[in-house]
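Enquirer: Take this structure, written in structure tokens, and hold onto it; I'll ask about it next.
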Amino acid sequence: MSKLAQAKPLTPPSPLEGEGRGGGYAARSELAASRPSRRAERVDLSLKGGGEESAHRFSITVSNATLIADPCGALYWPEHGLLAVSDLHLEKGSSFAARGMLLPPYDTAATLARLTKLIAHYAPRIVVALGDSFHDGGGPSRLSAEDRDSITVLQRGRDWIWITGNHDPEPADGIGGVFQHTLTIDALTFRHLPSGAAGEIAGHLHPVAKIAQRGRAVRRRCFAADDTRLVMPAFGEFTGGLNIRDAAFADLFGTLAFTAHMLGEDRLYAFAAKRCLPG
Ligand SMILES: [Mn+2]
């Protein structure tokens, strides 16, 4: 079952009019320029935020913890040397192939290549994979030898925590790391399924935001966050997305008073959720 099929029924609010005018701020990333293009996001969408550029990196504060939000869709918590990525959905291609539906077969390698660059950049002490790391329970056993080796190399010299997700609820053998349902450090709790609790860093929903820009719709993956909780974008190559105007997000944040931090090629763009388009 797809993630979207599990989500709540779509009940879009009325379409908004006018152009989104988010405050743009730079998150200059050496990674963004060199990362492999993503199938659905290959084109630079030419978001024009109109705001001022910030310093080199962009941060989001959740429950007073300052997190660097990377335009690749990862979070880095400098205080603890912790890098978090969510919804890798590794082996999604082979999962579909086993059911006779062909997707490009290199999704795992492509996702791991992007993760490798992130880890080289931040050199984290802890990596947290925030659940749905594998598209199904058989994913770990279907890894190619090369991809399995890549994961082993990435894990070397650091703690690696696989948070369990609804696609991968059981610990797997042969892929290193430790398996936990949640991870709590200081004021933050990392968990796959968002509950709305304060201090929560969650995944699962694959947030995307859509804005109108000079008459053109621009749709990107995004972080969805307010002051006390955050939902990470999916990091996997062929993962779908759920519009932040879906009722699932309003339910989670209580209101539309949250922010979509859209992923640009080399920076993030913040738009108030209520300025984003449904659908
Ligand atoms: Mn999930």
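Ordered as shown in the structure tokens, chains take letters A, B, and onward, while each chain numbers its residues from 1 and ligands are numbered from 1 in the order shown.
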Check segment 67-256 of chain A with DSSP on the backbone and list each residue it calls strand (DSSP E), as a PyMOL selection string.
Expert: chain A and resi 67-70+74-77+82-85+126-129+159-163+178-180+182-185+188-191+200-202+207-213+216-225+229-231+242-243
Enquirer: Report as a PyMOL selection string all protein, DNA and RNA residues lying within 9 Å of segment 209-225 of chain A, evaluated on only C-alpha atoms, omitting residues in the same chain fewer than 2 positions from it.
Expert: chain A and resi 17-21+41+45-48+60-62+69+71+73+206-207+227-234+241-245+249+253+258-264+268-271+273+275-279
Enquirer: Each residue of chain A lying at most 8 Å from ligand 1 should get a row with its shortest atom-to-atom pair and the distance in Å to one decimal, counting only C-alpha atoms and all ligand atoms; could you produce that, ordered by chain and increasing number, as a Markdown table?
Expert:
```
| residue | atom | partner | partner_atom_place_in_ligand_line | distance |
| --- | --- | --- | --- | --- |
| A:Lys3 | CA | ligand 1 | 1 (Mn) | 6.3 |
| A:Asp87 | CA | ligand 1 | 1 (Mn) | 6.8 |
| A:Gly131 | CA | ligand 1 | 1 (Mn) | 6.6 |
| A:Asp132 | CA | ligand 1 | 1 (Mn) | 5.3 |
| A:Gly165 | CA | ligand 1 | 1 (Mn) | 5.4 |
| A:Asn166 | CA | ligand 1 | 1 (Mn) | 5.0 |
| A:His167 | CA | ligand 1 | 1 (Mn) | 6.0 |
| A:His192 | CA | ligand 1 | 1 (Mn) | 6.6 |
| A:Leu193 | CA | ligand 1 | 1 (Mn) | 6.6 |
| A:Gly203 | CA | ligand 1 | 1 (Mn) | 6.9 |
| A:His204 | CA | ligand 1 | 1 (Mn) | 3.7 |
| A:Leu205 | CA | ligand 1 | 1 (Mn) | 6.7 |
```
Enquirer: For His80 of chain A, find every residue with an atom within 12 Å (counting only C-alpha atoms), except residues of its own chain fewer than 2 positions away, and show them as a PyMOL selection string.
Expert: chain A and resi 65-68+75-78+82-84+122-128+159+184-186+188
Enquirer: Emit the selected residues as an mmCIF file, in the first residue's frame, including C-alpha atoms.
Expert:
```cif
data_model
loop_
_atom_site.group_PDB
_atom_site.id
_atom_site.type_symbol
_atom_site.label_atom_id
_atom_site.label_comp_id
_atom_site.auth_asym_id
_atom_site.auth_seq_id
_atom_site.Cartn_x
_atom_site.Cartn_y
_atom_site.Cartn_z
ATOM 1 C CA ALA A 65 17.086 23.340 19.399
ATOM 2 C CA THR A 66 18.799 24.887 16.411
ATOM 3 C CA LEU A 67 18.856 22.554 13.423
ATOM 4 C CA ILE A 68 20.510 23.139 10.092
ATOM 5 C CA LEU A 75 18.605 17.966 9.131
ATOM 6 C CA TYR A 76 21.857 18.458 10.985
ATOM 7 C CA TRP A 77 21.970 19.180 14.699
ATOM 8 C CA PRO A 78 25.426 20.643 15.356
ATOM 9 C CA LEU A 82 23.497 14.387 14.518
ATOM 10 C CA LEU A 83 22.366 14.044 10.916
ATOM 11 C CA ALA A 84 18.771 12.965 10.243
ATOM 12 C CA TYR A 122 28.744 17.096 7.872
ATOM 13 C CA ALA A 123 30.853 14.205 9.206
ATOM 14 C CA PRO A 124 28.133 13.407 11.759
ATOM 15 C CA ARG A 125 28.754 11.427 14.924
ATOM 16 C CA ILE A 126 25.201 10.086 14.797
ATOM 17 C CA VAL A 127 23.033 9.323 11.784
ATOM 18 C CA VAL A 128 19.318 8.873 12.308
ATOM 19 C CA ASP A 159 26.401 5.651 15.615
ATOM 20 C CA THR A 184 15.004 11.260 22.429
ATOM 21 C CA ILE A 185 17.891 13.660 22.915
ATOM 22 C CA ASP A 186 17.389 16.727 25.074
ATOM 23 C CA LEU A 188 13.770 16.527 20.740
#
```
Enquirer: Please measure the separation of atom CA of Ala98 of chain A and atom CA of Pro169 of chain A, giving the value in Å to one decimal.
Expert: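 Separation of atom CA of Ala98 of chain A and atom CA of Pro169 of chain A: 20.0 Å.
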Enquirer: How many Å lie between atom CA of Val153 of chain A and atom CA of Gly174 of chain A, rounded to one decimal?
Expert: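 Separation between atom CA of Val153 of chain A and atom CA of Gly174 of chain A: 13.3 Å.
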Enquirer: Pick the closest to Phe238 of chain A from A:Phe58, A:Phe179, A:Phe190, A:Tyr106: which is it, counting only C-alpha atoms?
Expert: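 Under the stated criterion, the closest residue is A:Tyr106.
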Enquirer: Enter the distance from atom CA of Ser86 of chain A to atom CA of Gly236 of chain A, in Å, rounded to one decimal.
Expert: 8.0 Å
Enquirer: From the list A:Ile151, A:Ile175, A:Ala202, A:Met101, which residue is nearest Leu115 of chain A when using only C-alpha atoms?
Expert: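 Among the listed residues, A:Ile151 lies closest to Leu115 of chain A.
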Enquirer: Of the residues A:Arg267, A:His181, A:Lys274, A:Arg158, which is the one nearest to Ile119 of chain A, using only C-alpha atoms?
Expert: A:Arg158
Enquirer: Between A:Arg114, A:Ile161, A:Leu252, A:Leu90, which has the minimum distance to Pro194 of chain A (counting only C-alpha atoms)?
Expert: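 So, comparing all the options, the nearest one is A:Leu252.
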